[in-house]
Structures are given as C-alpha cells and as structure tokens.
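Engineer: Could you have a look at this structure, given as structure tokens, before my questions?
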Amino acid sequence: MLRFKNFWSFSVGSVAALVTVAICEAIYKNTDLLFSSLFYGCFAALVSILFWPIVWVLQNKVQIAWSRSSFLGLFFLYFFTLLQFSLFRDFFHEDPHKKLISLLFSAVVAVFLTAAFAIIFHFLLPRIRNTHFEKAYLLTVNQMPWIAVLGFFLLQRPDVEQLTAAPPRHNNPKGHGVIFIVADTLRADALGVYQASLHREQPRSKAIDALASQGQVFINASAQSSWTRPSMASIFTSQYPTGHRTIHKDSILPAELPHLAEELQKQGVKTAAVVTNFNLDTTYGFNRGFDEFYYLPAQRYFSAPPSATQLALYNAYRLIRERYFASFRRPEYFYQPGSAVNKKAFEIVDNLLDSRFFLWLHYMEPHDPYFAREGTTFARVELSQPPLDLANKMRMAYRDNVVRLDQAIDKLWQGLIARGFSEDQIHIVFTSDHGEEFAEHGGFYHGRTLYEEQLHVPLFIRGPDIRPGKNQTLARHIDLAPTIVGLFNLSTNRFWMGRDLLRKGNEAANYLTIAEVDHEGQTLTAIRVKTHKLIVSNPNNPRGLKPREFYDLDVDPQEQRPHSEPLTGEIDLEKTLRLVLKNAEQREVTIKQMPLDENQKNELRALGYVQ
C-alpha cells in the first residue's frame, strides 16, 4: 500500500507539474486552455507510468514528499525541454550556432521558476494544513491522474469524418460553367497524355487522360515559378512574379492587381473555390473575388483545435511522429484528400445548377508526403535532403499519389454527370502549379530550381466548341486568366500580360516565357524563347548552381549539358530577359508581407516549406 501511495503521489506531482506548464503556455500563446491541460496531463500520466520503476527502487531508501518533489523536478524538466524546443526552433530558426545560447537561457528561466514554486510551497503549505482549502486542494489534485487518463480517451475521437457526397438535388441543370482544376505538384510527364510510361503495369492517369483526349492539350505549358504561391498568383493576376511580387513565404497578393475571380464576379459570374494548400489560405489574399471560398485544413492529431498547433508539446509530438514513425503517416494529417474537395465541390455545384459559374478546385495528392501502395512513405519533414539512391523509390511513390489524384478526378466527373450536366455546359481547364524533381539535377521536391521538371506542367481545356487535339503553342500560366474569361465570352482586363490561348491569331504571340523564384536562398530567373533557355542564378546559392546556364531544349530536353555562353545563332536571351522584366514592373503595386505566426509556421512546416 505504501508503494502504491508513493507512486500515486508521484503521479499527482507529475500531472500537476505539466498541467501548470500547459496553463502558462496556453495563456501566453492564447490557445485552448482545456485541450492544453488535457493533452499535457495525459502525457504526464504516461510519463509517471514509465518512471514507476525508479519510484519503486527509491521509495524504500529515500523518504521524501513524493508529490512536491516530483512536481518540482518534473516541472523543471518539462519547462526546460519545451522552452528550449520553442526557443531554438522559432526564435533562433534552428541555427546550430545558437544551440548553446538557447540551452543556457532555457535552463536559467526553468531554475528561476522552479525555485519560485519551491519557495511558495515552503511558506504556503504550513499555513494551509488542516484547513478546508487543503482538503479541497487534495481532493482536486488527487483526481488529476484519473482526469488525465479520462482525457486521453476523450482525445481519441475519430480523426476523419466520412466524406460521402450528398446525392444530387435534380438532374436538369440549366446553367453552365468553367471548372478550373489545379493538381498541386503535378509534373507534365506524370500523365499518360504526356507520354508517361505504364505505372505498376497499369495506365497511370486513365480518368485525366480520358478528359484530356476530349479537349485541346497544350504540349508546351510552362509555370511562372516552381512553388505554389507565386505560381498561383501569376495564374490569377496574369502577371509574372516580378509584376505581382507575391514571391516569399510571408507575401500577400497585392489588392491593386486585377484578379481573375474579381473580373468574372463583376461581369455576373458566380465564383467559388475549394483549396487544400495553406499557401492559398485567405490570409494571403487568394479569396478576392470569390462568392464562396473554402480552405480545407489538414486533420489534427487528437482532433486538436486550430490554436493547439501553437503548443510546444503538440508540435514535438507531431514532429516526432511524422519524422520517425513513417508507418503511422496518413495523408489527412498533411492535407485534405480529393474526396473532401469533391464533397465540398458538389455542395457548391448543387446550388449553382442554373447559374453561370467559375469553380476553382485545388487538389493536393501529388504533393509530398508520397504514399507508396505498399505502405512506404517519403516526406520532406523527415527527408529534407534525401540520398540520391532513393530517387527511383520516391518517384514510384509519387506516381502512386498521382493514381489517387486520378481517382478523385474520375469521381468528380462522374458526380457532374450524375447531376445532369452535358458536354455543352461544362468547360474543364486542368493544370498544375509546378512540377517536382527527383534528382534530375541533384535535388528533390520543388521551389529550388527552374529546370523543366519544375516548370513543365500539364494543361488541357475541354468543353463545347473546343476541338480535340494537341497544341504546340508555348502556353503560360499568365495566359490562363484571359483564356478562362474568353470561355465566358467576356472582355479581358487590359492590364493582364497573358493572351487568350484559344483565340485565333494569338498562337505566334506566345513565343517566350519567364519564370522566377526567390525561395530558401535561391534567387533564380529563367527565360525561354521558343526552345532556347537561359537560367540566371544568384552567387553562392545553396544548390551550387552556375551563374548562367544556356540550353537548347530541342537537342537537350533534359537540361543535362549546360553552356556558360550563348549558343551559336541564339538571340540575346539576357537582353530579352531584362526587357521583359522591366515591362513587368511597369504597374505600381503595394508589396505586403505579413510575419508568420505560430499557426502559419506549423501549417507550412507540415508541407515542408518551413523546417
């Protein structure tokens, strides 16, 4: 009985210590107090069980007040560990040179607060002995382990809701619309329509290929950047990154720039969007012009409220689980699946059956983590710099992600058919924001180079009056806004730099494209004129890229043989690049940047954009 009593006292002290830390952190970071206390209390109860052997050995040799001592000892340990974790990650940005400073500072603060609690216990406890306050206090704290265990089960609520779409309301829609589908991180050569090979002896993208075969496929479509936010900003504003300035992790889309959704909205088109990438959240201005805009956040462990993502212990748990327990990874904890996008899309469409509408759907399946069919996963949060010999395995898992995307697109199309839409009522515009690299140039993922595996994206348009076939025009992201407006037979904004890809006479005009990225120390600009390409890189860039790389994509489509000087007979690419960028800067915009708070950092960290 003595042993159990000592262990119970130890558990009470442990839970009380970490709940105290939770309350302090929740108040400081303005997070959910109840969830914080339950989550930290559960963890402390589990730690108590792990430390039970030590208590068992020491209790017959050392006569101590277990509750008070465990509180002070574990408060110091918890507070020091969590403060150091937050300080090193968020304040010193994981700079290894600041590790010792963060350790020393955390230790000093933890010692000071622990000593303060010790002094309080020393002077306060004798004064309240045998009082009603002491009895109430003991009754409360002695229930803490039970409360923590109960809280553990309360936190284990189902994580993923059932994503079954509601049946269509009726089958006689009179409206028509454009559905703009963006598949995040989808390379052009990942689709069969772009000559992709079989994947696991099966066609890789049957549903997408079937839709593409009914429309006009642009073989030479090119992105304006190699990561999501600047690429999507170029699509919706029809401006190169130099023109819209939405190029950094804290950049906000300038309000002065004419936005595709606003232009459609002003001319009577109903507008809606469903996005799943945090880079496109309302915080960054992408909701402008949309009557309905839905950002679907990723599921959170233990069904945590949004504010809980600021808690140090929660983030430590998430980091450990995602980095070291790959077999427990699930897509829903990184982004909402295509089934969730479809469900929300059908809810929107069911209210727009008799309207002209523009619906933007952003799917995340190709994005990392890559979930291989056999259960293996690869995530940037775990492998920020993968070894080169993993390239083939990662590419195979990426292709499995593409298969899941294809299944979601198939269900979307079947849902539209079930609602009675005919081919004369729906235009599909399908593209990607950027590609993905798998060691073609010594690296992985995206946002760090401007080679074709990053910039060559799929693009096709199907619908009424669209003649099926393959188009060799050099299509660009900046051309999509004018093209989509053209599908509604509406006027194009005169400030847009792009051209309507389907308008006769514009084919020869799109002979050049620009791409830019300023991300994670890489400041790069690329220009392509027909098949000639130049990439300009900043000095001492992290990837070690050469200052100038010239390519002829006709003879070297994989960009494996760079030239440091222009090729014979090549036009002056550098002069052309300067002229285009100068023209892109003509319109004055207010550059807005917003420092990332803890919530935003953690959302971006889950996708690998913040380490």
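Ordering of the structure tokens sets the chain letters (A, B, ...); residue numbers start at 1 within each chain; ligands are numbered from 1 in the order shown.
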Which of stretch 427-592 of chain A counts as alpha helix (DSSP H) under DSSP, as a list of chain:residue names please?
Structural biologist: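 Output for stretch 427-592 of chain A, alpha helix (DSSP H) only: A:Glu452, A:Glu453, A:Gln454, A:Leu455, A:Leu480, A:Ala481, A:Pro482, A:Thr483, A:Ile484, A:Val485, A:Gly486, A:Leu487, A:Leu573, A:Glu574, A:Lys575, A:Thr576, A:Leu577, A:Arg578, A:Leu579, A:Val580, A:Leu581, A:Lys582, A:Asn583, A:Ala584.
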Engineer: Got time to write the residues from that selection, C-alpha atoms, as a compact mmCIF listing (two decimals), in the first residue's frame?
Structural biologist:
# COMPACT_ATOMS: atom_id res chain seq x y z
CA GLU A 452 11.86 21.79 -66.81
CA GLU A 453 10.92 19.10 -64.28
CA GLN A 454 9.76 22.05 -62.16
CA LEU A 455 8.27 24.27 -64.87
CA LEU A 480 -4.98 31.21 -68.14
CA ALA A 481 -6.91 34.23 -66.81
CA PRO A 482 -7.53 35.71 -70.30
CA THR A 483 -8.39 32.24 -71.63
CA ILE A 484 -10.92 31.50 -68.87
CA VAL A 485 -12.56 34.91 -69.31
CA GLY A 486 -12.74 34.12 -73.00
CA LEU A 487 -14.64 30.90 -72.30
CA LEU A 573 18.37 35.99 -74.08
CA GLU A 574 19.85 38.18 -71.34
CA LYS A 575 18.80 41.40 -73.08
CA THR A 576 15.33 39.99 -73.75
CA LEU A 577 15.02 38.93 -70.10
CA ARG A 578 15.87 42.44 -68.88
CA LEU A 579 13.31 43.99 -71.23
CA VAL A 580 10.52 41.61 -70.21
CA LEU A 581 11.17 42.10 -66.50
CA LYS A 582 11.27 45.88 -66.93
CA ASN A 583 7.92 45.73 -68.69
CA ALA A 584 6.51 43.51 -65.91
Engineer: Within 10 Å of A:His427, counting only C-alpha atoms, which residues show up once you throw out same-chain ones fewer than 6 positions away? Write them as an MDAnalysis selection string, please.
Structural biologist: chainID A and resid 176:180 215 358 461:466 484 487:488
Engineer: For the residues selected in the previous step, produce a file with N, CA and C atoms as a short mmCIF file (atom, residue, chain, number, x, y, z; two decimals), in the first residue's frame.
Structural biologist:
data_model
loop_
_atom_site.label_atom_id
_atom_site.label_comp_id
_atom_site.auth_asym_id
_atom_site.auth_seq_id
_atom_site.Cartn_x
_atom_site.Cartn_y
_atom_site.Cartn_z
N HIS A 176 -24.28 26.91 -66.89
CA HIS A 176 -23.04 26.41 -67.47
C HIS A 176 -21.88 27.07 -66.73
N GLY A 177 -20.74 26.43 -66.77
CA GLY A 177 -19.63 26.96 -66.01
C GLY A 177 -18.28 26.44 -66.45
N VAL A 178 -17.26 27.00 -65.81
CA VAL A 178 -15.87 26.58 -66.00
C VAL A 178 -15.37 26.02 -64.68
N ILE A 179 -14.89 24.79 -64.71
CA ILE A 179 -14.27 24.19 -63.53
C ILE A 179 -12.77 24.18 -63.76
N PHE A 180 -12.09 24.93 -62.94
CA PHE A 180 -10.64 25.11 -63.05
C PHE A 180 -9.98 24.18 -62.04
N GLY A 215 -10.30 17.17 -75.30
CA GLY A 215 -10.05 18.60 -75.37
C GLY A 215 -8.75 18.92 -76.05
N PHE A 358 -17.91 29.89 -62.03
CA PHE A 358 -16.49 29.55 -62.13
C PHE A 358 -16.10 28.88 -60.82
N ILE A 461 -7.77 21.90 -72.06
CA ILE A 461 -9.08 22.54 -71.95
C ILE A 461 -10.06 21.72 -72.77
N ARG A 462 -11.14 21.28 -72.14
CA ARG A 462 -12.17 20.53 -72.84
C ARG A 462 -13.53 21.20 -72.60
N GLY A 463 -14.42 21.04 -73.56
CA GLY A 463 -15.74 21.63 -73.41
C GLY A 463 -16.34 21.96 -74.76
N PRO A 464 -17.48 22.63 -74.76
CA PRO A 464 -18.16 22.96 -76.01
C PRO A 464 -17.28 23.84 -76.90
N ASP A 465 -17.28 23.54 -78.18
CA ASP A 465 -16.55 24.30 -79.19
C ASP A 465 -15.04 24.21 -79.05
N ILE A 466 -14.55 23.27 -78.23
CA ILE A 466 -13.11 23.05 -78.13
C ILE A 466 -12.75 21.85 -79.00
N ILE A 484 -9.70 31.85 -69.61
CA ILE A 484 -10.92 31.50 -68.87
C ILE A 484 -11.99 32.56 -69.06
N LEU A 487 -13.66 31.99 -72.27
CA LEU A 487 -14.64 30.90 -72.30
C LEU A 487 -16.04 31.38 -71.95
N PHE A 488 -16.14 32.50 -71.21
CA PHE A 488 -17.43 33.09 -70.87
C PHE A 488 -17.84 34.17 -71.88
#
Engineer: So that I can check the surroundings of A:Ala261, please list as a count of residues only every protein, DNA and RNA residue that reaches within 6 Å of it, counting only C-alpha atoms and ignoring chain neighbours fewer than 2 positions away.
Structural biologist: 6
Engineer: Considering only C-alpha atoms, return as an NGL selection string whatever protein or nucleic-acid residues lie within 10 Å of A:Asp209, sequence-local ones (same chain, fewer than 5 positions apart) excluded.
Structural biologist: :A and (191-194 or 203-204 or 214-215 or 406 or 460)
Engineer: What are the closest atom pairs, with distances in Å to one decimal, for all residues of stretch 307-402 of chain A lying within 12 Å of stretch 223-229 of chain A? Consider only C-alpha atoms, order rows by chain and residue number, and present the result as a Markdown table.
Structural biologist:
| residue | atom | partner | partner_atom | distance |
| --- | --- | --- | --- | --- |
| A:His362 | CA | A:Thr228 | CA | 10.9 |
| A:Met364 | CA | A:Thr228 | CA | 11.0 |
| A:His367 | CA | A:Thr228 | CA | 10.7 |
Engineer: Just write the chosen residues, C-alpha atoms, as a PDB file, in the first residue's frame.
Structural biologist:
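This went into out_24.pdb:
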ATOM      1  CA  HIS A 362      -7.166  22.623 -55.841  1.00  0.00           C
ATOM      2  CA  MET A 364      -3.026  18.090 -53.179  1.00  0.00           C
ATOM      3  CA  HIS A 367       2.390  16.730 -53.186  1.00  0.00           C
TER       4      HIS A 367
END
Engineer: Stretch 329-443 of chain A: which residues are strand (DSSP E) by DSSP, as a PDB file with C-alpha atoms, in the first residue's frame?
Structural biologist:
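Printed below is states_7.pdb as written:
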ATOM      1  CA  ARG A 356     -23.034  30.800 -64.856  1.00  0.00           C
ATOM      2  CA  PHE A 357     -20.248  29.786 -62.513  1.00  0.00           C
ATOM      3  CA  PHE A 358     -16.485  29.555 -62.129  1.00  0.00           C
ATOM      4  CA  LEU A 359     -15.268  26.885 -59.694  1.00  0.00           C
ATOM      5  CA  TRP A 360     -11.592  26.523 -58.727  1.00  0.00           C
ATOM      6  CA  LEU A 361     -10.670  23.127 -57.214  1.00  0.00           C
ATOM      7  CA  HIS A 362      -7.166  22.623 -55.841  1.00  0.00           C
ATOM      8  CA  TYR A 363      -6.113  19.006 -55.207  1.00  0.00           C
ATOM      9  CA  TYR A 370       4.433  10.350 -51.152  1.00  0.00           C
ATOM     10  CA  PHE A 371       2.387   7.355 -50.028  1.00  0.00           C
ATOM     11  CA  THR A 377       6.106   6.897 -47.224  1.00  0.00           C
ATOM     12  CA  PHE A 378       8.565   9.672 -48.053  1.00  0.00           C
ATOM     13  CA  ILE A 426     -19.090  22.458 -68.628  1.00  0.00           C
ATOM     14  CA  HIS A 427     -15.588  23.575 -69.561  1.00  0.00           C
ATOM     15  CA  ILE A 428     -12.734  21.844 -67.759  1.00  0.00           C
ATOM     16  CA  VAL A 429      -9.437  23.719 -67.508  1.00  0.00           C
ATOM     17  CA  PHE A 430      -6.823  21.414 -65.973  1.00  0.00           C
ATOM     18  CA  THR A 431      -3.265  22.337 -64.975  1.00  0.00           C
ATOM     19  CA  GLU A 437      12.246  16.977 -59.106  1.00  0.00           C
ATOM     20  CA  PHE A 438      13.668  13.547 -58.382  1.00  0.00           C
TER      21      PHE A 438
END
Engineer: Atom CA of A:Arg467 to atom CA of A:Leu502: how many Å, to one decimal?
Structural biologist: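 Interatomic distance here is 10.0 Å.
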Engineer: Rounded to one decimal place, report the atom CA of A:Asp32-atom CA of A:Ser307 distance in Å.
Structural biologist: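 Calculated distance between atom CA of A:Asp32 and atom CA of A:Ser307 is 6.3 Å.
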Engineer: With only C-alpha atoms as the atoms that count, which of A:Ile320, A:Met396, A:Leu416, A:Ile478 lies nearest to A:Asp350?
Structural biologist: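 For A:Asp350, the nearest of the candidates is A:Leu416.
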Engineer: So what do you get for atom CA of A:Thr237 versus atom CA of A:Thr523, distance-wise?
Structural biologist: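 These atoms are spaced 21.7 Å apart.
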Engineer: Restricting the calculation to only C-alpha atoms: of A:Ala17, A:Ile235, A:Val529, A:Leu83, which residue gets closest to A:Arg499?
Structural biologist: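 Among A:Ala17, A:Ile235, A:Val529, A:Leu83, it is A:Ile235 that comes nearest to A:Arg499.
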Engineer: Taking only C-alpha atoms into account, name the residue in A:Phe334, A:Phe444, A:Phe85, A:Phe325 that is nearest to A:Asn277.
Structural biologist: A:Phe334
Engineer: Residues at most 12 Å from stretch 553-557 of chain A, counting only C-alpha atoms, excluding those fewer than 4 positions away in the same chain, as a list in words?
Structural biologist: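 These residues fall inside the cut-off: Asn220, Glu440, Tyr451, Glu452, Glu453, His456, Arg528, Val529, Lys530, Thr531, His532, Lys533, Leu534, Arg561, Pro562, His563 and Leu567 of chain A.
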Engineer: Ranking A:Thr513, A:Ser251, A:Gln336, A:Asn315 by minimum distance to A:Gly285 and counting only C-alpha atoms, which one comes first?
Structural biologist: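 Under the stated criterion, the closest residue is A:Ser251.
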Engineer: Please provide the set of residues having any atom within 7 Å of A:Trp496, restricted to only C-alpha atoms, with same-chain residues fewer than 3 positions apart removed, written as a ChimeraX atom specification.
Structural biologist: /A:237-239,493
Engineer: Write the residues of the selection above to a file with N, CA and C atoms, as an mmCIF file, in the first residue's frame.
Structural biologist:
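What ended up in result_35.cif:
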data_model
loop_
_atom_site.group_PDB
_atom_site.id
_atom_site.type_symbol
_atom_site.label_atom_id
_atom_site.label_comp_id
_atom_site.auth_asym_id
_atom_site.auth_seq_id
_atom_site.Cartn_x
_atom_site.Cartn_y
_atom_site.Cartn_z
ATOM 1 N N THR A 237 -3.526 36.700 -61.590
ATOM 2 C CA THR A 237 -3.317 38.112 -61.926
ATOM 3 C C THR A 237 -2.771 38.301 -63.332
ATOM 4 N N SER A 238 -2.412 37.200 -64.009
ATOM 5 C CA SER A 238 -1.825 37.272 -65.347
ATOM 6 C C SER A 238 -0.595 38.176 -65.354
ATOM 7 N N GLN A 239 0.232 38.014 -64.320
ATOM 8 C CA GLN A 239 1.467 38.779 -64.201
ATOM 9 C C GLN A 239 2.618 37.833 -63.879
ATOM 10 N N ASN A 493 -9.166 41.958 -69.066
ATOM 11 C CA ASN A 493 -8.600 43.147 -68.446
ATOM 12 C C ASN A 493 -7.352 43.598 -69.212
#
Engineer: Show which residues sit within 10 Å of A:Gly375, as a PyMOL selection string. Count only C-alpha atoms, and ignore same-chain residues fewer than 3 positions away.
Structural biologist: chain A and resi 326-329+370-372+397
Engineer: Go through A:Phe286, A:Phe88, A:Tyr40, A:Phe346 one by one, measure the shortest atom-to-atom distance of each to A:Ser106 using only C-alpha atoms, and give the residue with the smallest value.
Structural biologist: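 Using only C-alpha atoms, the shortest distance to A:Ser106 belongs to A:Phe88.
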